[in-house]
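Chemist: The structure file upload_34.cif (mmCIF, C-alpha atoms) is provided below.
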data_model
loop_
_atom_site.group_PDB
_atom_site.id
_atom_site.type_symbol
_atom_site.label_atom_id
_atom_site.label_comp_id
_atom_site.auth_asym_id
_atom_site.auth_seq_id
_atom_site.Cartn_x
_atom_site.Cartn_y
_atom_site.Cartn_z
ATOM 1 C CA ALA Z 276 36.329 48.403 50.277
ATOM 2 C CA ALA Z 277 37.377 45.245 52.139
ATOM 3 C CA ALA Z 278 34.399 43.330 50.704
ATOM 4 C CA ALA Z 279 35.243 44.449 47.179
ATOM 5 C CA ALA Z 280 38.834 43.361 47.648
ATOM 6 C CA ALA Z 281 37.701 39.940 48.894
ATOM 7 C CA ALA Z 282 35.309 39.507 45.960
ATOM 8 C CA ALA Z 283 37.924 40.423 43.337
ATOM 9 C CA PRO Z 284 39.662 36.994 43.349
ATOM 10 C CA ALA Z 285 36.268 35.307 42.915
ATOM 11 C CA PHE Z 286 35.555 37.424 39.815
ATOM 12 C CA ASP Z 287 38.981 36.566 38.439
ATOM 13 C CA LEU Z 288 38.237 32.872 38.949
ATOM 14 C CA ALA Z 289 34.817 33.159 37.292
ATOM 15 C CA GLU Z 290 36.330 35.022 34.374
ATOM 16 C CA GLY Z 291 38.707 32.145 33.761
ATOM 17 C CA LEU Z 292 35.868 29.560 33.834
ATOM 18 C CA GLU Z 293 33.700 31.366 31.329
ATOM 19 C CA ALA Z 294 35.237 29.809 28.180
ATOM 20 C CA PRO Z 295 35.210 26.165 29.470
ATOM 21 C CA VAL Z 296 31.573 26.494 30.616
ATOM 22 C CA GLN Z 297 30.561 27.940 27.257
ATOM 23 C CA ALA Z 298 32.391 25.128 25.491
ATOM 24 C CA LEU Z 299 30.564 22.575 27.669
ATOM 25 C CA TYR Z 300 27.182 24.135 26.855
ATOM 26 C CA LEU Z 301 28.053 24.225 23.163
ATOM 27 C CA ALA Z 302 29.110 20.558 23.232
ATOM 28 C CA ALA Z 303 25.879 19.575 24.992
ATOM 29 C CA LEU Z 304 23.813 21.539 22.459
ATOM 30 C CA LEU Z 305 25.643 19.938 19.540
ATOM 31 C CA GLY Z 306 25.105 16.518 21.123
ATOM 32 C CA PHE Z 307 21.357 17.108 21.427
ATOM 33 C CA LEU Z 308 21.207 18.350 17.838
ATOM 34 C CA ALA Z 309 23.116 15.290 16.597
ATOM 35 C CA VAL Z 310 20.775 12.906 18.415
ATOM 36 C CA GLY Z 311 17.754 14.777 17.059
ATOM 37 C CA ALA Z 312 19.113 14.698 13.525
ATOM 38 C CA PHE Z 313 19.805 10.971 13.811
ATOM 39 C CA LEU Z 314 16.248 10.252 14.996
ATOM 40 C CA VAL Z 315 14.702 12.354 12.231
ATOM 41 C CA ALA Z 316 16.883 10.733 9.561
ATOM 42 C CA ARG Z 317 15.992 7.289 10.882
ATOM 43 C CA GLN Z 318 12.255 8.049 10.718
ATOM 44 C CA VAL Z 319 12.618 9.383 7.163
ATOM 45 C CA LEU Z 320 14.446 6.219 6.079
ATOM 46 C CA ILE Z 321 11.847 3.957 7.721
ATOM 47 C CA ARG Z 322 9.047 5.924 6.053
ATOM 48 C CA ARG Z 323 10.811 5.676 2.698
ATOM 49 C CA GLU Z 324 11.196 1.894 3.082
ATOM 50 C CA LEU Z 325 7.491 1.559 3.900
ATOM 51 C CA GLU Z 326 6.548 3.701 0.902
ATOM 52 C CA GLU Z 327 8.756 1.659 -1.428
ATOM 53 C CA ALA Z 328 7.432 -1.671 -0.141
ATOM 54 C CA ALA Z 329 3.835 -0.431 -0.404
ATOM 55 C CA LYS Z 330 4.495 0.739 -3.967
ATOM 56 C CA VAL Z 331 5.942 -2.615 -5.058
ATOM 57 C CA LEU Z 332 3.174 -4.608 -3.411
ATOM 58 C CA GLY Z 333 0.509 -2.229 -4.702
ATOM 59 C CA GLU Z 334 1.765 -2.753 -8.255
ATOM 60 C CA ARG Z 335 1.556 -6.522 -7.793
ATOM 61 C CA VAL Z 336 -1.996 -6.203 -6.475
ATOM 62 C CA ARG Z 337 -3.074 -3.944 -9.350
ATOM 63 C CA GLY Z 338 -1.430 -6.311 -11.832
ATOM 64 C CA GLY Z 339 -3.298 -9.284 -10.397
ATOM 65 C CA ALA Z 340 -0.073 -11.118 -9.538
ATOM 66 C CA ALA Z 341 -0.265 -10.712 -5.752
ATOM 67 C CA SER Z 342 -0.360 -13.760 -3.545
ATOM 68 C CA ALA Z 343 -2.270 -13.931 -0.288
ATOM 69 C CA GLU Z 344 1.029 -13.351 1.510
ATOM 70 C CA ASP Z 345 1.601 -10.216 -0.571
ATOM 71 C CA GLN Z 346 -1.865 -8.986 0.380
ATOM 72 C CA PHE Z 347 -1.092 -9.669 4.045
ATOM 73 C CA GLU Z 348 2.237 -7.848 3.826
ATOM 74 C CA LEU Z 349 0.573 -4.875 2.120
ATOM 75 C CA GLY Z 350 -2.078 -4.843 4.852
ATOM 76 C CA ALA Z 351 0.597 -4.882 7.544
ATOM 77 C CA ILE Z 352 2.406 -1.949 5.906
ATOM 78 C CA LEU Z 353 -0.834 0.007 5.632
ATOM 79 C CA LEU Z 354 -1.505 -0.676 9.323
ATOM 80 C CA ARG Z 355 1.905 0.781 10.208
ATOM 81 C CA LYS Z 356 1.013 3.832 8.141
ATOM 82 C CA LYS Z 357 -2.321 4.028 10.025
ATOM 83 C CA LEU Z 358 -4.331 3.644 6.809
ATOM 84 C CA PHE Z 359 -6.852 1.340 8.445
ATOM 85 C CA THR Z 360 -9.543 1.258 5.745
ATOM 86 C CA GLN Z 361 -7.048 0.369 3.020
ATOM 87 C CA ALA Z 362 -5.386 -2.163 5.324
ATOM 88 C CA GLN Z 363 -8.756 -3.762 5.997
ATOM 89 C CA ALA Z 364 -9.372 -4.230 2.265
ATOM 90 C CA ALA Z 365 -5.945 -5.811 1.691
ATOM 91 C CA LEU Z 366 -6.293 -8.082 4.717
ATOM 92 C CA GLU Z 367 -9.769 -9.218 3.689
ATOM 93 C CA ARG Z 368 -8.392 -10.137 0.241
ATOM 94 C CA ALA Z 369 -5.576 -12.047 1.967
ATOM 95 C CA LYS Z 370 -8.057 -13.891 4.170
ATOM 96 C CA ARG Z 371 -10.255 -14.880 1.206
ATOM 97 C CA SER Z 372 -7.361 -16.200 -0.873
ATOM 98 C CA TRP Z 373 -5.219 -17.687 1.916
ATOM 99 C CA ASP Z 374 -3.572 -20.943 0.873
ATOM 100 C CA GLY Z 375 -0.932 -21.244 3.594
ATOM 101 C CA ALA Z 376 -0.993 -22.977 6.945
ATOM 102 C CA PRO Z 377 -4.104 -22.318 9.057
ATOM 103 C CA GLU Z 378 -1.923 -21.262 12.000
ATOM 104 C CA GLU Z 379 -0.460 -18.490 9.852
ATOM 105 C CA LEU Z 380 -3.960 -17.369 8.879
ATOM 106 C CA ALA Z 381 -4.344 -16.435 12.551
ATOM 107 C CA GLN Z 382 -1.967 -13.506 11.915
ATOM 108 C CA VAL Z 383 -4.227 -12.278 9.121
ATOM 109 C CA HIS Z 384 -7.270 -12.446 11.409
ATOM 110 C CA ASN Z 385 -5.392 -10.596 14.164
ATOM 111 C CA ALA Z 386 -4.205 -7.858 11.799
ATOM 112 C CA LEU Z 387 -7.698 -7.503 10.343
ATOM 113 C CA GLY Z 388 -9.084 -7.270 13.869
ATOM 114 C CA TYR Z 389 -6.600 -4.496 14.602
ATOM 115 C CA ALA Z 390 -7.696 -2.570 11.490
ATOM 116 C CA LEU Z 391 -11.350 -2.947 12.491
ATOM 117 C CA PHE Z 392 -10.621 -2.017 16.113
ATOM 118 C CA ASN Z 393 -9.005 1.223 14.980
ATOM 119 C CA GLN Z 394 -12.108 2.017 12.956
ATOM 120 C CA GLU Z 395 -14.229 1.505 16.100
ATOM 121 C CA ARG Z 396 -15.883 -1.566 14.564
ATOM 122 C CA LEU Z 397 -15.526 -3.454 17.804
ATOM 123 C CA ALA Z 398 -17.920 -6.372 17.223
ATOM 124 C CA ALA Z 399 -16.187 -7.218 13.928
ATOM 125 C CA ALA Z 400 -12.773 -6.832 15.579
ATOM 126 C CA VAL Z 401 -13.775 -9.236 18.371
ATOM 127 C CA ALA Z 402 -14.913 -11.777 15.763
ATOM 128 C CA GLU Z 403 -11.545 -11.565 13.984
ATOM 129 C CA TYR Z 404 -9.562 -11.882 17.225
ATOM 130 C CA GLU Z 405 -11.676 -14.888 18.217
ATOM 131 C CA ALA Z 406 -10.975 -16.477 14.826
ATOM 132 C CA ALA Z 407 -7.258 -15.872 15.373
ATOM 133 C CA VAL Z 408 -7.159 -17.584 18.765
ATOM 134 C CA ALA Z 409 -9.332 -20.429 17.474
ATOM 135 C CA LEU Z 410 -6.731 -21.126 14.787
ATOM 136 C CA GLN Z 411 -3.756 -20.600 17.099
ATOM 137 C CA PRO Z 412 -4.717 -20.923 20.795
ATOM 138 C CA GLY Z 413 -1.282 -19.818 22.041
ATOM 139 C CA TYR Z 414 -1.351 -16.521 20.132
ATOM 140 C CA VAL Z 415 -0.788 -14.174 23.071
ATOM 141 C CA THR Z 416 -0.961 -10.953 21.038
ATOM 142 C CA ALA Z 417 -4.397 -11.920 19.719
ATOM 143 C CA TRP Z 418 -5.569 -12.719 23.283
ATOM 144 C CA ASN Z 419 -4.325 -9.290 24.415
ATOM 145 C CA ASN Z 420 -6.085 -7.607 21.497
ATOM 146 C CA LEU Z 421 -9.278 -9.538 22.202
ATOM 147 C CA GLY Z 422 -9.140 -8.425 25.834
ATOM 148 C CA ASP Z 423 -8.582 -4.820 24.762
ATOM 149 C CA ALA Z 424 -11.533 -4.925 22.344
ATOM 150 C CA GLN Z 425 -13.791 -6.524 24.941
ATOM 151 C CA GLU Z 426 -12.718 -3.923 27.465
ATOM 152 C CA ARG Z 427 -13.514 -1.118 25.008
ATOM 153 C CA ARG Z 428 -16.959 -2.707 24.522
ATOM 154 C CA LYS Z 429 -17.320 -2.625 28.322
ATOM 155 C CA ASP Z 430 -17.671 -6.418 28.420
ATOM 156 C CA TYR Z 431 -15.342 -6.700 31.381
ATOM 157 C CA ALA Z 432 -16.019 -10.388 32.080
ATOM 158 C CA ALA Z 433 -15.015 -11.340 28.523
ATOM 159 C CA ALA Z 434 -11.998 -9.020 28.719
ATOM 160 C CA LEU Z 435 -10.880 -10.649 31.959
ATOM 161 C CA ALA Z 436 -11.276 -14.100 30.401
ATOM 162 C CA ALA Z 437 -9.153 -13.086 27.396
ATOM 163 C CA TYR Z 438 -6.443 -11.543 29.561
ATOM 164 C CA SER Z 439 -6.463 -14.642 31.799
ATOM 165 C CA GLU Z 440 -5.945 -16.816 28.747
ATOM 166 C CA ALA Z 441 -3.039 -14.618 27.672
ATOM 167 C CA LEU Z 442 -1.494 -14.994 31.129
ATOM 168 C CA ALA Z 443 -1.884 -18.778 30.931
ATOM 169 C CA TYR Z 444 0.436 -18.748 27.898
ATOM 170 C CA ALA Z 445 2.703 -15.895 29.019
ATOM 171 C CA PRO Z 446 2.642 -15.380 32.823
ATOM 172 C CA ASP Z 447 4.905 -12.309 32.627
ATOM 173 C CA ASN Z 448 2.690 -10.549 30.046
ATOM 174 C CA ALA Z 449 2.533 -6.908 31.136
ATOM 175 C CA VAL Z 450 -0.450 -6.071 28.909
ATOM 176 C CA ALA Z 451 -2.649 -8.771 30.402
ATOM 177 C CA ARG Z 452 -1.600 -7.946 33.951
#
Render the structure in this file as structure tokens.
Modeler:
Amino acid sequence: AAAAAAAAPAFDLAEGLEAPVQALYLAALLGFLAVGAFLVARQVLIRRELEEAAKVLGERVRGGAASAEDQFELGAILLRKKLFTQAQAALERAKRSWDGAPEELAQVHNALGYALFNQERLAAAVAEYEAAVALQPGYVTAWNNLGDAQERRKDYAAALAAYSEALAYAPDNAVAR
């Protein structure tokens, strides 16, 4: 009886805390739901922007009015959508018709290499990455990609050389390290 009497004030205290604890849990749950809803809405808006840009550029391509830069931009969008075969076609058209600065053509070669790499066409990807760094020797992303492709081909000496070159231009490069 003495133990029950001693425990009674503790139950009274717990009974008073029940509503604030429930409110705290509810607030935390609503916070998580709000963050989740924000992230989903953001992804939907990004996807919609990509779809709209791809539609506009696709119409230009079909109409024959697309520039090499338009082809490159379409290829980049298709890469983001993970449509690697379609991206490859757009990037190859951009490469063939490129009329801009040769240093900028390095970005086309790098993007085309990425499309080929993701199709497991490693030798072709390596050739594109090598073309990119030949046009723009300080292109660290292309050096990283070349190292990754060489590593996937199990040509570790070539991979090490590519990563070393990347580190020469960007000593704090985490990928190359």
Chemist: Decode the PyMOL selection byres ((chain Z and resi 359) around 8) for the given file into explicit residues and return them as a list in words.
Modeler: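 Evaluating the PyMOL selection byres ((chain Z and resi 359) around 8) on these coordinates yields Leu353, Leu354, Lys357, Leu358, Thr360, Gln361, Ala362, Gln363, Ala390, Leu391, Asn393 and Gln394 of chain Z.
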Chemist: When you look at His384 (chain Z) with a cut-off of 7 Å (counting all atoms listed in the file), what residues show up, excluding the ones that are within fewer than 6 positions of it in the same chain? I need them as a list in words.
Modeler: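 Those residues are Glu403, Tyr404, Ala406 and Ala407 of chain Z.
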Chemist: With all atoms listed in the file as the counted atoms, please give the residues lying no more than 12 Å from Ala449 (chain Z), apart from itself and same-chain residues fewer than 4 positions off, as a PyMOL selection string.
Modeler: chain Z and resi 415-416+419+438-439+441-442+445
Chemist: Find, counting only C-alpha atoms, the residue in Z:Ala434, Z:Ala376, Z:Phe347, Z:Ala364 that gets nearest to Val401 (chain Z).
Modeler: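 Closest residue, counting only C-alpha atoms: Z:Ala434.
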Chemist: Looking at all atoms listed in the file, which of Z:Ala386, Z:Leu320, Z:Glu334, Z:Glu378 is the one that sits closest to Ile352 (chain Z)?
Modeler: Z:Ala386
Chemist: One decimal, Å: what's the distance from CA of Gly333 (chain Z) over to CA of Asp345 (chain Z), could you say?
Modeler: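 Interatomic distance here is 9.1 Å.
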Chemist: What is the CA of Arg427 (chain Z)-CA of Ala451 (chain Z) distance in Å, reported with one decimal?
Modeler: 14.3 Å
Chemist: Taking into account all atoms listed in the file, which residue in the set Z:Ala443, Z:Leu301, Z:Ala343, Z:Leu349 is nearest to Arg368 (chain Z)?
Modeler: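 Ranked by minimum distance to Arg368 (chain Z), first place goes to Z:Ala343.
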Chemist: Kindly extract all protein, DNA and RNA residues lying within 10 Å of the coordinates (-8.6, -16.1, 12.3) given in the file, considering all atoms listed in the file, and supply them as a compact mmCIF listing (two decimals) with C-alpha atoms, in the frame of the given file.
Modeler:
# COMPACT_ATOMS: atom_id res chain seq x y z
CA LYS Z 370 -8.06 -13.89 4.17
CA PRO Z 377 -4.10 -22.32 9.06
CA GLU Z 378 -1.92 -21.26 12.00
CA GLU Z 379 -0.46 -18.49 9.85
CA LEU Z 380 -3.96 -17.37 8.88
CA ALA Z 381 -4.34 -16.43 12.55
CA GLN Z 382 -1.97 -13.51 11.92
CA VAL Z 383 -4.23 -12.28 9.12
CA HIS Z 384 -7.27 -12.45 11.41
CA ASN Z 385 -5.39 -10.60 14.16
CA ALA Z 386 -4.20 -7.86 11.80
CA LEU Z 387 -7.70 -7.50 10.34
CA GLY Z 388 -9.08 -7.27 13.87
CA ALA Z 402 -14.91 -11.78 15.76
CA GLU Z 403 -11.54 -11.56 13.98
CA TYR Z 404 -9.56 -11.88 17.23
CA GLU Z 405 -11.68 -14.89 18.22
CA ALA Z 406 -10.98 -16.48 14.83
CA ALA Z 407 -7.26 -15.87 15.37
CA VAL Z 408 -7.16 -17.58 18.76
CA ALA Z 409 -9.33 -20.43 17.47
CA LEU Z 410 -6.73 -21.13 14.79
CA GLN Z 411 -3.76 -20.60 17.10
CA ALA Z 417 -4.40 -11.92 19.72
Chemist: Report, in Å to a single decimal, how far apart CA of Gly339 (chain Z) and CA of Leu325 (chain Z) are.
Modeler: 20.9 Å
Chemist: Return the padded bounding box of region 368-379 of chain Z as lines of an AutoDock Vina configuration file: axis-aligned, built from all atoms listed in the file, 8 Å added on each side, with centre and edge lengths in Å to one decimal.
Modeler:
center_x = -5.4
center_y = -16.6
center_z = 5.6
size_x = 25.8
size_y = 28.8
size_z = 28.9
Chemist: Find the residue from Z:Glu367, Z:Glu395, Z:Glu293, Z:Glu324 that sits nearest to Ala424 (chain Z); use all atoms listed in the file when measuring.
Modeler: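 Nearest to Ala424 (chain Z): Z:Glu395.
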Chemist: Tell me which of Z:Ala399, Z:Ala294, Z:Ala341, Z:Ala312 sits closest to Ser372 (chain Z), counting all atoms listed in the file.
Modeler: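 Looking at the shortest contact to Ser372 (chain Z), the residue is Z:Ala341.
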Chemist: For region 377-395 of chain Z, supply N, CA and C atoms and report the output as a tab-separated table (two decimals), in the coordinates of the input.
Modeler:
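Contents of selection04.tsv, as written:
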chain	number	residue	atom	x	y	z
Z	377	PRO	N	-3.03	-22.96	8.29
Z	377	PRO	CA	-4.10	-22.32	9.06
Z	377	PRO	C	-3.57	-21.52	10.26
Z	378	GLU	N	-2.48	-21.98	10.86
Z	378	GLU	CA	-1.92	-21.26	12.00
Z	378	GLU	C	-1.43	-19.88	11.58
Z	379	GLU	N	-0.93	-19.78	10.36
Z	379	GLU	CA	-0.46	-18.49	9.85
Z	379	GLU	C	-1.63	-17.58	9.50
Z	380	LEU	N	-2.76	-18.16	9.15
Z	380	LEU	CA	-3.96	-17.37	8.88
Z	380	LEU	C	-4.40	-16.62	10.14
Z	381	ALA	N	-4.02	-17.12	11.30
Z	381	ALA	CA	-4.34	-16.43	12.55
Z	381	ALA	C	-3.75	-15.02	12.56
Z	382	GLN	N	-2.58	-14.84	11.98
Z	382	GLN	CA	-1.97	-13.51	11.92
Z	382	GLN	C	-2.80	-12.57	11.05
Z	383	VAL	N	-3.37	-13.10	9.98
Z	383	VAL	CA	-4.23	-12.28	9.12
Z	383	VAL	C	-5.47	-11.84	9.90
Z	384	HIS	N	-6.08	-12.78	10.61
Z	384	HIS	CA	-7.27	-12.45	11.41
Z	384	HIS	C	-6.93	-11.40	12.47
Z	385	ASN	N	-5.79	-11.55	13.13
Z	385	ASN	CA	-5.39	-10.60	14.16
Z	385	ASN	C	-5.16	-9.21	13.57
Z	386	ALA	N	-4.46	-9.15	12.44
Z	386	ALA	CA	-4.20	-7.86	11.80
Z	386	ALA	C	-5.50	-7.22	11.32
Z	387	LEU	N	-6.41	-8.02	10.78
Z	387	LEU	CA	-7.70	-7.50	10.34
Z	387	LEU	C	-8.50	-7.00	11.55
Z	388	GLY	N	-8.43	-7.73	12.64
Z	388	GLY	CA	-9.08	-7.27	13.87
Z	388	GLY	C	-8.53	-5.94	14.32
Z	389	TYR	N	-7.23	-5.77	14.21
Z	389	TYR	CA	-6.60	-4.50	14.60
Z	389	TYR	C	-7.09	-3.35	13.72
Z	390	ALA	N	-7.20	-3.60	12.41
Z	390	ALA	CA	-7.70	-2.57	11.49
Z	390	ALA	C	-9.13	-2.20	11.85
Z	391	LEU	N	-9.95	-3.20	12.13
Z	391	LEU	CA	-11.35	-2.95	12.49
Z	391	LEU	C	-11.45	-2.23	13.83
Z	392	PHE	N	-10.63	-2.65	14.78
Z	392	PHE	CA	-10.62	-2.02	16.11
Z	392	PHE	C	-10.33	-0.52	15.99
Z	393	ASN	N	-9.38	-0.18	15.15
Z	393	ASN	CA	-9.01	1.22	14.98
Z	393	ASN	C	-10.03	2.02	14.19
Z	394	GLN	N	-10.99	1.35	13.60
Z	394	GLN	CA	-12.11	2.02	12.96
Z	394	GLN	C	-13.34	2.01	13.86
Z	395	GLU	N	-13.15	1.59	15.11
Z	395	GLU	CA	-14.23	1.50	16.10
Z	395	GLU	C	-15.31	0.50	15.71
